[in-house]
Every structure is written in structure tokens, then in C-alpha cells.
2 protein chains.
Amino acid sequence: MKILIARTAGFCFGVKRAVDMVFDVAEKKSKGVYTLGPLIHNPQVIDRLKGEGVEPVEKVSDLSRKKVDTVVVRTHGIPQGDMDTLSSKGFNVIDATCPFVKKAQHYAKLLKDEGYKVVILGDKEHPEVKGIMSYAGKDAVVVRGAEELGELRGKVGIIVQTTKQIDTLKELVSAAIEKTKELKVYNTICNSTALRMRETADMAKKVDLMMIVGGKNSANTTRLANHCKSLGVRTRHIETADEIRKSWFKGMKTVGITAGASTPDWIIEEVKDRINKIV
Amino acid sequence: MKILIARTAGFCFGVKRAVDMVFDVAEKKSKGVYTLGPLIHNPQVIDRLKGEGVEPVEKVSDLSRKKVDTVVVRTHGIPQGDMDTLSSKGFNVIDATCPFVKKAQHYAKLLKDEGYKVVILGDKEHPEVKGIMSYAGKDAVVVRGAEELGELRGKVGIIVQTTKQIDTLKELVSAAIEKTKELKVYNTICNSTALRMRETADMAKKVDLMMIVGGKNSANTTRLANHCKSLGVRTRHIETADEIRKSWFKGMKTVGITAGASTPDWIIEEVKDRINKIV
């Protein structure tokens, strides 16, 4: 059986940067290192960080009961208020916010300061969007797509969750320009998501089975799996090699492997090795 | 036979303002009044102005052989260079540029000054677009629709010829956001065009014949006629009552009349009277 691994599988630029930053801190400090929220959407990486003494906390107030030395801000970023609180407490703050997310936060603030009503295209429960939202002013709104865009007044500014798809943005700007005389759009979509999606779709057409590796809580990984399924190829979404079953590979000639942006190389390697071992 | 006249037929705000301004000047000054280009796209109005001593000239250089007192700038506006020349010659300049077109010129300059590559959605041979273009900087481009949008670099600003349709703009912004990280759009479409089009379409569905009255050289009048034809209603585009033929009304029960933005009320009245007389 042939196994193909996608070139774009695994850590994107922002995740790799964040993970490197935290392991670097963990090497220097044996305790008192916390991440605010899980650093990335991958339970296995979070577990490995715990092994290095880096603990995640859910919210800023959880830090008050701890002996804190350093707080690492997650790749998705955090709300402005939380960032201010961390600074005011005198913690060492390591900002591992993805630079592309940082840009989206910056543009949200810029639009607000320039008097635009800010519309964020994204999922309002996603931590990245919660962070961006905090910079976008009180009358900012979050929409999942053009169909959620209500009446608009005055000038309108659009920002996008970095992992959104371009087609959704195209529909939104098209709907928005009918409702305003002035529209400013920052296309803050990160290319790596689109490139990964494209390579995955191309691969899916050439294989009998697609293995999608990554956190079940990762939106971008789940989207990879759903997209493969919609293309009609047999698809398995797993977090680790332990979930693999021999029966999946019966009659398969070619298997493709890809992974979400928060899946580390070592998990992808384990998956490949496990498949090689059992077939 | 029943005759309906559209509420939105005839002069729009900008045209009415311009015609009033020129008749006002003509009343005060018996000679030396010129318009740069035809004031509006309606030959009959231009003829009537000539009767009042107001002559159109094609270009600024044509004025050098004349005894000029006052120059009126047409509703569609003129290029910045021509405006500067008029001022430098010491003529009295009456700027009858439509305030909505003036806004589009202003936004074109603003976008250029803010470092945007300006894309003008419009017809590059139209005087309005030539005027706007002169404010938009050297690397500005004019496109008739999304399909003409080439590769883009840097941040992109969009301006629209005031008589364009919203659907064409929607397609353009949708195509543009895929090609840039920063897009600023001024929706400079004038509502009166859309309102007139909507009322005309509604009327076309209720009548046996649509009479579209206006200059054959007027883009917005021609578009009204084409739209009615596309809806399957019998349609006649005329400039004056003289073109009306009795045979057109054979078997017709209801006739609708509308007119382009540069058609004066007296021509619409003449058309109605003529129809009443011959049927």
C-alpha cells in the first residue's frame, strides 16, 4: 500500500513560532509558566507542554491562585482587556499570538479609530474572534456569512477570522457594498489554510482513503475532513495513531495523510509508522 | 387608451440644478456664455440653450478664438487639468458638475492620496469617467466589469460612475477582494438611476407599450429602453414627439411613458399631448 503525506500537513507558521517560544521558556524556567487558554488546538501538544511544566489556565482570574512567573498568550490571541490585566499584574508576558492574528487585531482597532462600524467575518465563539472583537469597538458585530448581515448605517469596515474561506468573504463584501456608501475591507485570511485545503483536495482525488490528523476541537482540521467527505473519498479524522484500526485499510491501494495547522510532525510520523506496521 | 407617466421620469437632481444654473446666467448675460461640452446629454435642451445665447464648445482650446465671459462646466464634470486652465484664463467659471459626480472626483483624489491603486468602474469614453480619472492618479484603471479586472498589487480603491448598476459593482468588489489584502470602496452610484430603473420595470409589466423619451446619446436613457425590451414589452425610444407614429398604438390599451435623467418635462408633456391627439 502506498502512503502519501501532504507537503502542507501540520504546523503553520504561527503555530510553529508559538510552540518554539513556549518550549524555549520551559527550558529556562522550571515552574510558574502558564498559557492563557490552550496554546493551540491540539490536546497532545498541550499534554507534552504540561510534561515540561507549562500549565494552561482558562481565564486571567485563574492566575490569582497560582505562583506565576510567566504567562504565554495563545496563538489565537486574547481580548485587549486581558492583555492589559496581565501587564498590570507585573507578570512576564510572552505574546505568542500569531502575527497574522495580531494584524487582524490591529486593523480592527484602526477601523474603529477611523469611525467605521466593524463587521467581523468569523465564528463568535472562537477565541481568535473574541480577541479581535475586543479591538473593534462597542458596535462591532460578528457574522458567519453574508446571510447574517443586517441593516448597516454609516461607513463599514470588514475584518476576517484568519482561517475563513475566501468565497465566504467574497459573498460578504458583495452584500455589504449594497448597504453602505463606504466600505473598507482587510482581507486577513491566512493563505496557509487555503493552500492546505487545495493540496488536500488534490490528494483526495488520487487516493482510496484520506487520513486527517488533528484535534477534534480544531475547526480547520474538521473542515479538512468535511471537505474530503464532500468529495466522496473515504475519510478518517483521528487525533493520534492509537485510534487507527487495521480494518480501515482492507482493499486500499493508496492512503493520503494530511493534518491541521496545530498538529505536530511527531504525531503525523506516528500515524504513518502505525499504518506501515499494521498493513 | 390609458397613458401612465412615471413619477421618476425626467430630470434628476443634478441635471435640474445645472439647467437652472445656466438659464439663470443666460438671463443676466446676453453673450459670451459657453458650456464646456454639451451641458447634459439632450440635444433639445442644448438647442434651447443656444436660443438663449449659450453655446457649447468641445474643448478648452476652442475658447481661445471666442470672446468669453462665462464658462459653465457640464453636469458630468471635466478633467482637473481643464478646470485649472479655465481658472488660469480668468473666465467666470460656473461649476454645474453634479454634486454626486463631484463627490466621486473627490473620493478618487482621496484614494490616490492615501496610496490606493484606483479602479474606476465605468465606461472609459464617458465624460464623467474622464473627469474622475484625472483625479485618480497615473496608475488608475477603468473597467466595465469584474471580467476586465487584471492582476492587482498593493491596496486597491474602487470608485463607480454614478449611473452604473449595483450588481456590476457587487461583482467587481467580490473579484477585487480575492486580489488584494486591503480594499476601500466608495459606492458612488446615484440612487436616482436605480429608482428610475425599478419604476420603469414595474410599469413595463403593466402596459402594452413603453415609450422611453430621451437623447439617443444618453447612456441611462438607452439602458431604460434596453431593459424594457429585455422584459418582453414593446418599446419605443424617441427623442421628441415628432418621431411618434399613429400605427404604434394600434390595439394598445395602456401606454407607459418614462424618460432619462436629461429629458426635460416639456418634452415629456409634448409626447403625452401628441399621443392623446393622434389616438
# chains A, B, ... in the order shown; residues from 1 in each chain; ligands from 1
call {"tool": "select_by_dssp", "arguments": {"residues": "stretch 31-275 of chain A", "states": "strand (DSSP E)", "output": "PyMOL selection string"}}
result
chain A and resi 33-36+54-57+70-73+92-95+117-121+141-143+156-160+182-186+209-213+234-238+254-259
call {"tool": "interface_residues", "arguments": {"of": "chain B", "to": "chain A", "cutoff": "6 Å", "atoms": "only C-alpha atoms", "output": "ChimeraX atom specification"}}
result
/B:170,174,181-187
call {"tool": "write_last_selection", "arguments": {"atoms": "all heavy atoms", "output": "PDB file, in the first residue's frame"}}
result
ATOM      1  N   LYS B 170     -21.194  44.940  -7.274  1.00  0.00           N
ATOM      2  CA  LYS B 170     -21.104  43.785  -6.375  1.00  0.00           C
ATOM      3  C   LYS B 170     -20.138  42.737  -6.944  1.00  0.00           C
ATOM      4  O   LYS B 170     -19.300  42.186  -6.221  1.00  0.00           O
ATOM      5  CB  LYS B 170     -22.495  43.169  -6.154  1.00  0.00           C
ATOM      6  CG  LYS B 170     -23.401  44.060  -5.302  1.00  0.00           C
ATOM      7  CD  LYS B 170     -24.820  43.531  -5.230  1.00  0.00           C
ATOM      8  CE  LYS B 170     -24.912  42.354  -4.283  1.00  0.00           C
ATOM      9  NZ  LYS B 170     -26.321  41.963  -4.044  1.00  0.00           N
ATOM     10  N   SER B 174     -16.380  41.788  -5.273  1.00  0.00           N
ATOM     11  CA  SER B 174     -16.199  40.379  -4.966  1.00  0.00           C
ATOM     12  C   SER B 174     -14.935  39.836  -5.648  1.00  0.00           C
ATOM     13  O   SER B 174     -14.162  39.085  -5.054  1.00  0.00           O
ATOM     14  CB  SER B 174     -17.457  39.636  -5.431  1.00  0.00           C
ATOM     15  OG  SER B 174     -17.302  38.271  -5.268  1.00  0.00           O
ATOM     16  N   LYS B 181      -5.122  42.626  -0.259  1.00  0.00           N
ATOM     17  CA  LYS B 181      -5.280  42.460   1.188  1.00  0.00           C
ATOM     18  C   LYS B 181      -6.030  43.648   1.777  1.00  0.00           C
ATOM     19  O   LYS B 181      -6.485  43.599   2.905  1.00  0.00           O
ATOM     20  CB  LYS B 181      -3.902  42.322   1.860  1.00  0.00           C
ATOM     21  CG  LYS B 181      -3.199  41.000   1.581  1.00  0.00           C
ATOM     22  CD  LYS B 181      -3.893  39.852   2.309  1.00  0.00           C
ATOM     23  CE  LYS B 181      -3.338  38.487   1.964  1.00  0.00           C
ATOM     24  NZ  LYS B 181      -4.200  37.406   2.450  1.00  0.00           N
ATOM     25  N   GLU B 182      -6.115  44.749   1.019  1.00  0.00           N
ATOM     26  CA  GLU B 182      -6.813  45.933   1.524  1.00  0.00           C
ATOM     27  C   GLU B 182      -7.613  46.583   0.404  1.00  0.00           C
ATOM     28  O   GLU B 182      -7.073  46.946  -0.632  1.00  0.00           O
ATOM     29  CB  GLU B 182      -5.811  46.937   2.101  1.00  0.00           C
ATOM     30  CG  GLU B 182      -6.513  48.134   2.727  1.00  0.00           C
ATOM     31  CD  GLU B 182      -5.544  49.109   3.384  1.00  0.00           C
ATOM     32  OE1 GLU B 182      -4.405  48.734   3.712  1.00  0.00           O
ATOM     33  OE2 GLU B 182      -5.938  50.281   3.563  1.00  0.00           O
ATOM     34  N   LEU B 183      -8.892  46.716   0.644  1.00  0.00           N
ATOM     35  CA  LEU B 183      -9.797  47.233  -0.383  1.00  0.00           C
ATOM     36  C   LEU B 183     -10.667  48.323   0.221  1.00  0.00           C
ATOM     37  O   LEU B 183     -11.251  48.127   1.288  1.00  0.00           O
ATOM     38  CB  LEU B 183     -10.685  46.086  -0.874  1.00  0.00           C
ATOM     39  CG  LEU B 183     -11.775  46.432  -1.897  1.00  0.00           C
ATOM     40  CD1 LEU B 183     -11.146  46.821  -3.230  1.00  0.00           C
ATOM     41  CD2 LEU B 183     -12.703  45.235  -2.093  1.00  0.00           C
ATOM     42  N   LYS B 184     -10.728  49.464  -0.454  1.00  0.00           N
ATOM     43  CA  LYS B 184     -11.624  50.525   0.012  1.00  0.00           C
ATOM     44  C   LYS B 184     -12.549  50.871  -1.147  1.00  0.00           C
ATOM     45  O   LYS B 184     -12.086  51.113  -2.262  1.00  0.00           O
ATOM     46  CB  LYS B 184     -10.815  51.745   0.449  1.00  0.00           C
ATOM     47  CG  LYS B 184     -11.608  52.755   1.246  1.00  0.00           C
ATOM     48  CD  LYS B 184     -10.675  53.775   1.874  1.00  0.00           C
ATOM     49  CE  LYS B 184     -11.401  54.850   2.640  1.00  0.00           C
ATOM     50  NZ  LYS B 184     -10.451  55.814   3.203  1.00  0.00           N
ATOM     51  N   VAL B 185     -13.836  50.875  -0.880  1.00  0.00           N
ATOM     52  CA  VAL B 185     -14.803  51.095  -1.947  1.00  0.00           C
ATOM     53  C   VAL B 185     -15.703  52.276  -1.596  1.00  0.00           C
ATOM     54  O   VAL B 185     -16.284  52.311  -0.510  1.00  0.00           O
ATOM     55  CB  VAL B 185     -15.713  49.858  -2.145  1.00  0.00           C
ATOM     56  CG1 VAL B 185     -16.580  50.033  -3.388  1.00  0.00           C
ATOM     57  CG2 VAL B 185     -14.891  48.576  -2.243  1.00  0.00           C
ATOM     58  N   TYR B 186     -15.797  53.230  -2.507  1.00  0.00           N
ATOM     59  CA  TYR B 186     -16.822  54.257  -2.381  1.00  0.00           C
ATOM     60  C   TYR B 186     -17.931  53.917  -3.358  1.00  0.00           C
ATOM     61  O   TYR B 186     -17.709  53.920  -4.572  1.00  0.00           O
ATOM     62  CB  TYR B 186     -16.247  55.649  -2.671  1.00  0.00           C
ATOM     63  CG  TYR B 186     -15.360  56.152  -1.561  1.00  0.00           C
ATOM     64  CD1 TYR B 186     -13.973  56.117  -1.684  1.00  0.00           C
ATOM     65  CD2 TYR B 186     -15.895  56.638  -0.387  1.00  0.00           C
ATOM     66  CE1 TYR B 186     -13.150  56.571  -0.657  1.00  0.00           C
ATOM     67  CE2 TYR B 186     -15.084  57.092   0.649  1.00  0.00           C
ATOM     68  CZ  TYR B 186     -13.721  57.047   0.502  1.00  0.00           C
ATOM     69  OH  TYR B 186     -12.915  57.483   1.521  1.00  0.00           O
ATOM     70  N   ASN B 187     -19.078  53.591  -2.825  1.00  0.00           N
ATOM     71  CA  ASN B 187     -20.231  53.284  -3.661  1.00  0.00           C
ATOM     72  C   ASN B 187     -20.862  54.611  -4.089  1.00  0.00           C
ATOM     73  O   ASN B 187     -21.742  55.136  -3.422  1.00  0.00           O
ATOM     74  CB  ASN B 187     -21.218  52.419  -2.873  1.00  0.00           C
ATOM     75  CG  ASN B 187     -22.486  52.149  -3.651  1.00  0.00           C
ATOM     76  OD1 ASN B 187     -22.688  52.688  -4.731  1.00  0.00           O
ATOM     77  ND2 ASN B 187     -23.348  51.316  -3.101  1.00  0.00           N
TER      78      ASN B 187
END
call {"tool": "select_by_dssp", "arguments": {"residues": "stretch 98-215 of chain B", "states": "alpha helix (DSSP H)", "output": "ChimeraX atom specification"}}
result
/B:99-113,127-133,166-176,191-204
call {"tool": "write_last_selection", "arguments": {"atoms": "N, CA and C atoms", "output": "compact mmCIF listing (two decimals), in the first residue's frame"}}
result
# COMPACT_ATOMS: atom_id res chain seq x y z
N PRO B 99 -23.35 67.35 -8.03
CA PRO B 99 -22.68 67.18 -6.73
C PRO B 99 -22.30 65.72 -6.45
N PHE B 100 -23.03 64.77 -7.00
CA PHE B 100 -22.69 63.36 -6.79
C PHE B 100 -21.44 62.98 -7.60
N VAL B 101 -21.31 63.58 -8.78
CA VAL B 101 -20.10 63.35 -9.58
C VAL B 101 -18.90 64.01 -8.91
N LYS B 102 -19.13 65.20 -8.38
CA LYS B 102 -18.09 65.94 -7.65
C LYS B 102 -17.55 65.08 -6.49
N LYS B 103 -18.46 64.41 -5.81
CA LYS B 103 -18.10 63.51 -4.72
C LYS B 103 -17.20 62.38 -5.22
N ALA B 104 -17.57 61.82 -6.36
CA ALA B 104 -16.77 60.72 -6.92
C ALA B 104 -15.36 61.22 -7.27
N GLN B 105 -15.27 62.45 -7.83
CA GLN B 105 -13.96 63.04 -8.13
C GLN B 105 -13.15 63.21 -6.84
N HIS B 106 -13.83 63.72 -5.82
CA HIS B 106 -13.18 63.95 -4.53
C HIS B 106 -12.64 62.64 -3.94
N TYR B 107 -13.46 61.58 -3.98
CA TYR B 107 -13.03 60.28 -3.43
C TYR B 107 -11.90 59.68 -4.25
N ALA B 108 -11.91 59.91 -5.56
CA ALA B 108 -10.82 59.40 -6.40
C ALA B 108 -9.50 60.02 -5.95
N LYS B 109 -9.53 61.32 -5.69
CA LYS B 109 -8.31 62.02 -5.25
C LYS B 109 -7.89 61.53 -3.86
N LEU B 110 -8.89 61.36 -2.99
CA LEU B 110 -8.62 60.89 -1.63
C LEU B 110 -7.93 59.52 -1.66
N LEU B 111 -8.46 58.61 -2.45
CA LEU B 111 -7.88 57.27 -2.56
C LEU B 111 -6.44 57.35 -3.08
N LYS B 112 -6.27 58.16 -4.12
CA LYS B 112 -4.92 58.32 -4.69
C LYS B 112 -3.97 58.84 -3.61
N ASP B 113 -4.39 59.89 -2.88
CA ASP B 113 -3.55 60.50 -1.85
C ASP B 113 -3.24 59.51 -0.72
N PRO B 127 -17.67 61.15 -20.53
CA PRO B 127 -17.04 62.35 -19.96
C PRO B 127 -16.95 62.32 -18.43
N GLU B 128 -17.95 61.76 -17.77
CA GLU B 128 -17.89 61.68 -16.30
C GLU B 128 -16.65 60.91 -15.86
N VAL B 129 -16.42 59.77 -16.53
CA VAL B 129 -15.29 58.92 -16.15
C VAL B 129 -13.96 59.60 -16.48
N LYS B 130 -13.92 60.29 -17.62
CA LYS B 130 -12.69 61.02 -17.96
C LYS B 130 -12.36 62.06 -16.88
N GLY B 131 -13.41 62.71 -16.37
CA GLY B 131 -13.20 63.68 -15.29
C GLY B 131 -12.68 63.01 -14.03
N ILE B 132 -13.36 61.97 -13.60
CA ILE B 132 -12.96 61.25 -12.37
C ILE B 132 -11.52 60.74 -12.50
N MET B 133 -11.25 60.17 -13.67
CA MET B 133 -9.93 59.60 -13.97
C MET B 133 -8.80 60.60 -13.70
N ILE B 166 -25.80 48.51 -9.44
CA ILE B 166 -25.24 47.93 -8.22
C ILE B 166 -24.73 46.50 -8.43
N ASP B 167 -25.41 45.72 -9.27
CA ASP B 167 -24.97 44.33 -9.47
C ASP B 167 -23.57 44.25 -10.08
N THR B 168 -23.27 45.20 -10.97
CA THR B 168 -21.94 45.23 -11.59
C THR B 168 -20.90 45.56 -10.53
N LEU B 169 -21.24 46.46 -9.61
CA LEU B 169 -20.31 46.82 -8.53
C LEU B 169 -20.11 45.64 -7.59
N LYS B 170 -21.19 44.94 -7.27
CA LYS B 170 -21.10 43.78 -6.37
C LYS B 170 -20.14 42.74 -6.94
N GLU B 171 -20.26 42.49 -8.23
CA GLU B 171 -19.35 41.52 -8.86
C GLU B 171 -17.90 42.00 -8.81
N LEU B 172 -17.72 43.31 -9.01
CA LEU B 172 -16.35 43.84 -9.03
C LEU B 172 -15.68 43.75 -7.66
N VAL B 173 -16.40 44.15 -6.60
CA VAL B 173 -15.76 44.11 -5.26
C VAL B 173 -15.48 42.67 -4.86
N SER B 174 -16.38 41.79 -5.27
CA SER B 174 -16.20 40.38 -4.97
C SER B 174 -14.93 39.84 -5.65
N ALA B 175 -14.70 40.25 -6.89
CA ALA B 175 -13.49 39.81 -7.60
C ALA B 175 -12.24 40.49 -7.04
N ALA B 176 -12.39 41.75 -6.63
CA ALA B 176 -11.22 42.52 -6.18
C ALA B 176 -10.68 42.01 -4.85
N ASN B 191 -28.60 56.96 -6.51
CA ASN B 191 -29.84 56.19 -6.34
C ASN B 191 -30.89 56.48 -7.40
N SER B 192 -30.89 57.71 -7.92
CA SER B 192 -31.98 58.09 -8.83
C SER B 192 -32.02 57.19 -10.05
N THR B 193 -30.84 56.74 -10.51
CA THR B 193 -30.80 55.83 -11.66
C THR B 193 -31.49 54.51 -11.33
N ALA B 194 -31.19 53.98 -10.16
CA ALA B 194 -31.78 52.70 -9.75
C ALA B 194 -33.29 52.82 -9.54
N LEU B 195 -33.70 53.93 -8.89
CA LEU B 195 -35.13 54.14 -8.64
C LEU B 195 -35.90 54.24 -9.95
N ARG B 196 -35.34 54.99 -10.90
CA ARG B 196 -35.97 55.17 -12.19
C ARG B 196 -36.08 53.82 -12.91
N MET B 197 -35.00 53.04 -12.83
CA MET B 197 -34.98 51.73 -13.49
C MET B 197 -36.05 50.82 -12.88
N ARG B 198 -36.16 50.85 -11.55
CA ARG B 198 -37.12 49.98 -10.87
C ARG B 198 -38.55 50.37 -11.24
N GLU B 199 -38.84 51.67 -11.20
CA GLU B 199 -40.20 52.12 -11.53
C GLU B 199 -40.52 51.77 -12.99
N THR B 200 -39.52 51.94 -13.87
CA THR B 200 -39.73 51.63 -15.28
C THR B 200 -40.05 50.15 -15.48
N ALA B 201 -39.30 49.29 -14.78
CA ALA B 201 -39.52 47.84 -14.91
C ALA B 201 -40.91 47.47 -14.40
N ASP B 202 -41.31 48.07 -13.26
CA ASP B 202 -42.65 47.81 -12.71
C ASP B 202 -43.72 48.24 -13.70
N MET B 203 -43.53 49.42 -14.29
CA MET B 203 -44.50 49.95 -15.23
C MET B 203 -44.58 49.07 -16.49
N ALA B 204 -43.41 48.61 -16.94
CA ALA B 204 -43.35 47.82 -18.19
C ALA B 204 -44.21 46.57 -18.10
call {"tool": "atom_distance", "arguments": {"atom1": "atom CA of B:Ile3", "atom2": "atom CA of B:Thr222"}}
result
21.1 Å
call {"tool": "atom_distance", "arguments": {"atom1": "atom CA of A:Lys124", "atom2": "atom CA of A:Ser61"}}
result
21.9 Å
call {"tool": "atom_distance", "arguments": {"atom1": "atom CA of A:Val72", "atom2": "atom CA of A:Val118"}}
result
28.0 Å
call {"tool": "closest_residue", "arguments": {"among": "B:Val22, B:Leu63, B:Ile120, B:Ile238", "to": "B:Thr75", "atoms": "only C-alpha atoms"}}
result
B:Val22
call {"tool": "residues_around", "arguments": {"residues": "A:Glu55", "least_positions_apart": "4", "cutoff": "12 Å", "atoms": "only C-alpha atoms", "output": "VMD selection string"}}
result
chain A and resid 22 26 30 to 39 45 to 51 62 to 63 66 to 72
call {"tool": "closest_residue", "arguments": {"among": "A:Ser218, A:Asn92, A:Ser230, A:Ser247", "to": "A:Ala259", "atoms": "only C-alpha atoms"}}
result
A:Ser218
